[in-house]
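**Student:** The structure that follows is given in the form of structure tokens.
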2 protein chains.
Amino acid sequence: MTDFYSENSRFYVSVDCIIFGLNRGRLSVLLARRGFEPEKGKWSLMGGFVRQDENLNDAAMRVLRQLTGLSDIFMEQVGAFGEINRDPGDRVISVAYYALINFDEHDRHRVMIHDARWVDLAELPELSFDHPAMIEKALAMLRRKFSTEPIGFNLLPRLFTLSQLQALYESVLGEPLDKRNFRKRVADMACIRITDQIDKTGSRRGAALYRYDEDVYRNDHKFRI
Amino acid sequence: MTDFYSENSRFYVSVDCIIFGLNRGRLSVLLARRGFEPEKGKWSLMGGFVRQDENLNDAAMRVLRQLTGLSDIFMEQVGAFGEINRDPGDRVISVAYYALINFDEHDRHRVMIHDARWVDLAELPELSFDHPAMIEKALAMLRRKFSTEPIGFNLLPRLFTLSQLQALYESVLGEPLDKRNFRKRVADMACIRITDQIDKTGSRRGAALYRYDEDVYRNDHKFRI
DNA sequence: TCAAAAGTGTTCAGGGTACACCCATGG
DNA sequence: CCATGGGTGTACCCTGAACACTTTTGA
């Protein structure tokens, strides 16, 4: 039966990772300067070819780990990109993924080694291939999910203030939110719990630290910002 | 530079089409009985291998046309499926698409030739490979879009009654809707316009026929059911 | 004492939901 | 004349939006 398949064409398949992180309060993506042709020297998403012994998700996690040192990270497939000439080097079909990481935990050394840097979403440089379309689609998916599913906490430290949380939502949704309404909504979500810790770094007065409780969410499934 | 790529593995890449149609008022999918190994004789989505001279969308449209005779159809990518052993015959990475077609316009002869049939979504048989997961994901995407974007009209004839439209929404969303509230919402969407035609086939009294006006939608972008 | 961020309630309007009866017609 | 689907309006509730001042404390 393999004979039947063998009449058909085979393709290089790659994954490209849109790695989101919160850098100094701003939603940013991790971009690498391409170290090889084609488009050597241009900024691009971090990618890699899929191997025979791994599925697509594993390939994406491998690439993410290479660049950040992180495993067990929230990732989601964005989709497959298959224009014939999307890669001028050869025909490559690429599957894009986006990941949400806690900026504080990533390995800056690896980022440096790969000639990569964090770029504010509002200041994207020119990118190679169809990477702008990938980022566009990932952002659309992210924004849609952000208000209805508790995925934003992947971008924050374990303990966070409500101001940090609100700033995150404003940064991702791209619009200012009313502080009192925001806190009201947070207040009646059981999965966002206050701790007895205080953060003194952000203000003289100090702000209560909160944490996200995954178990509570799995029970009541109540989330809406 | 092609030398650089050539160290890497290449893969068969296929597309699989989840073709939705409204058969006797029920949301249905078009399934084909596999005519070849592996899993010959089992029901499956219609698929095909991607060729060198076409992009993924074109491949999906080609497969859709093969089975239904239709072109220029609403299609959307569901995602890439790349488990190592998803196809027991050989490693194949597949990109799923879903399509919404007007049941009345498809070519039944082609369906017959391909040993395919329309199956009510509630009565899916056992399917080959990871096709159940593909359908699941396509359905989730469909349901999500259905209330906020005017895609349902792709499943209806050009002229339709409000009862047909409501039945469609109930079938896709899987829940009954209040008739008066439904009609109230329709009434203040400019893009759904009454015609002077009457449908007498569905009732003794006759029902007004409506049509969807794409141009109006492009202007006001107002749609919400 | 002042600058800077944290924290806190109420009011109002609009949209969504629930709900039941008459109409027109073909057989 | 009756069975069948077509067509219509109102009342209520609740959610979402708007809005401004006091508190704390380090410098």
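Ordering of the structure tokens sets the chain letters (A, B, ...), residue numbers begin anew at 1 in every chain, and ligands are numbered from 1 in the order given.
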Do you know which residues are at most 12 Å from DT22 of chain D counting only C-alpha atoms (C1' of nucleotides), after dropping those on the same chain fewer than 6 positions away, and could you put them as a VMD selection string?

**Tutor:** chain C and resid 6 to 8

**Student:** Can I get the selection written as a compact mmCIF listing (two decimals), in the first residue's frame, with C-alpha atoms (C1' of nucleotides)?

**Tutor:**
```txt
# COMPACT_ATOMS: atom_id res chain seq x y z
C1' DA C 6 -4.27 51.08 45.23
C1' DG C 7 -8.66 50.50 46.29
C1' DT C 8 -13.81 51.12 46.45
```

**Student:** At most 9 Å is the cut-off: for each residue in chain D with any atom that close to an atom of chain A, write down the nearest atom pair and the distance in Å rounded to one decimal, counting only C-alpha atoms (C1' of nucleotides), chain first then increasing number, as a Markdown table.

**Tutor:**
```
| residue | atom | partner | partner_atom | distance |
| --- | --- | --- | --- | --- |
| D:DG16 | C1' | A:Asn181 | CA | 8.9 |
| D:DA17 | C1' | A:Asn181 | CA | 8.5 |
| D:DT23 | C1' | A:Arg205 | CA | 8.7 |
| D:DT24 | C1' | A:Arg205 | CA | 4.8 |
| D:DT25 | C1' | A:Arg205 | CA | 5.1 |
| D:DG26 | C1' | A:Arg204 | CA | 5.6 |
```

**Student:** Chain B residues within 12 Å of chain A, counting only C-alpha atoms: which ones, as a VMD selection string?

**Tutor:** chain B and resid 1 to 15 36 to 40 48 to 60 76 to 97 141 144 to 145

**Student:** Could you please select, counting only C-alpha atoms (C1' of nucleotides), the residues of chain C within 10 Å of chain B and state them as a ChimeraX atom specification?

**Tutor:** /C:16-19,23-27

**Student:** With N, CA, C and O atoms (P, O5', C5', C4', C3', O3' and C1' of nucleotides) retained, could you export that selection as a short mmCIF file (atom, residue, chain, number, x, y, z; two decimals), in the first residue's frame?

**Tutor:**
```cif
data_model
loop_
_atom_site.label_atom_id
_atom_site.label_comp_id
_atom_site.auth_asym_id
_atom_site.auth_seq_id
_atom_site.Cartn_x
_atom_site.Cartn_y
_atom_site.Cartn_z
P DG C 16 -28.71 41.46 22.64
"O5'" DG C 16 -29.29 40.41 23.69
"C5'" DG C 16 -28.56 40.11 24.88
"C4'" DG C 16 -29.41 39.23 25.76
"C3'" DG C 16 -30.11 38.09 25.02
"O3'" DG C 16 -30.01 36.91 25.80
"C1'" DG C 16 -31.74 39.47 26.07
P DT C 17 -30.68 35.56 25.27
"O5'" DT C 17 -31.93 35.33 26.22
"C5'" DT C 17 -31.83 35.66 27.61
"C4'" DT C 17 -33.20 35.48 28.25
"C3'" DT C 17 -34.02 34.34 27.67
"O3'" DT C 17 -34.65 33.65 28.74
"C1'" DT C 17 -35.25 36.35 27.54
P DA C 18 -35.17 32.13 28.52
"O5'" DA C 18 -36.66 32.20 29.08
"C5'" DA C 18 -36.95 32.97 30.23
"C4'" DA C 18 -38.39 33.45 30.15
"C3'" DA C 18 -39.36 32.42 29.57
"O3'" DA C 18 -40.41 32.19 30.50
"C1'" DA C 18 -39.64 34.54 28.51
P DC C 19 -41.37 30.93 30.35
"O5'" DC C 19 -42.65 31.60 29.67
"C5'" DC C 19 -43.14 32.85 30.15
"C4'" DC C 19 -44.16 33.36 29.19
"C3'" DC C 19 -44.85 32.27 28.35
"O3'" DC C 19 -46.25 32.45 28.34
"C1'" DC C 19 -44.09 33.99 26.97
P DC C 23 -57.16 36.86 13.66
"O5'" DC C 23 -56.04 36.24 12.73
"C5'" DC C 23 -54.82 36.95 12.55
"C4'" DC C 23 -54.13 36.47 11.29
"C3'" DC C 23 -55.07 36.21 10.11
"O3'" DC C 23 -54.40 36.62 8.94
"C1'" DC C 23 -53.93 34.21 10.66
P DA C 24 -55.23 37.04 7.66
"O5'" DA C 24 -54.92 35.81 6.71
"C5'" DA C 24 -53.60 35.65 6.21
"C4'" DA C 24 -53.49 34.27 5.64
"C3'" DA C 24 -54.55 33.93 4.59
"O3'" DA C 24 -53.85 33.73 3.37
"C1'" DA C 24 -54.24 32.15 6.16
P DT C 25 -54.59 33.54 2.03
"O5'" DT C 25 -54.62 31.95 1.98
"C5'" DT C 25 -53.39 31.25 2.01
"C4'" DT C 25 -53.68 29.79 2.17
"C3'" DT C 25 -54.73 29.24 1.20
"O3'" DT C 25 -54.04 28.38 0.33
"C1'" DT C 25 -54.98 28.36 3.39
P DG C 26 -54.60 27.90 -1.03
"O5'" DG C 26 -54.43 26.33 -0.82
"C5'" DG C 26 -53.28 25.84 -0.10
"C4'" DG C 26 -53.47 24.38 0.19
"C3'" DG C 26 -54.21 23.59 -0.86
"O3'" DG C 26 -53.61 22.31 -0.96
"C1'" DG C 26 -55.48 23.60 1.17
P DG C 27 -54.07 21.24 -1.93
"O5'" DG C 27 -54.93 20.28 -0.98
"C5'" DG C 27 -54.29 19.68 0.16
"C4'" DG C 27 -55.35 18.99 1.00
"C3'" DG C 27 -56.29 18.06 0.23
"O3'" DG C 27 -56.30 16.78 0.84
"C1'" DG C 27 -57.54 19.56 1.57
#
```
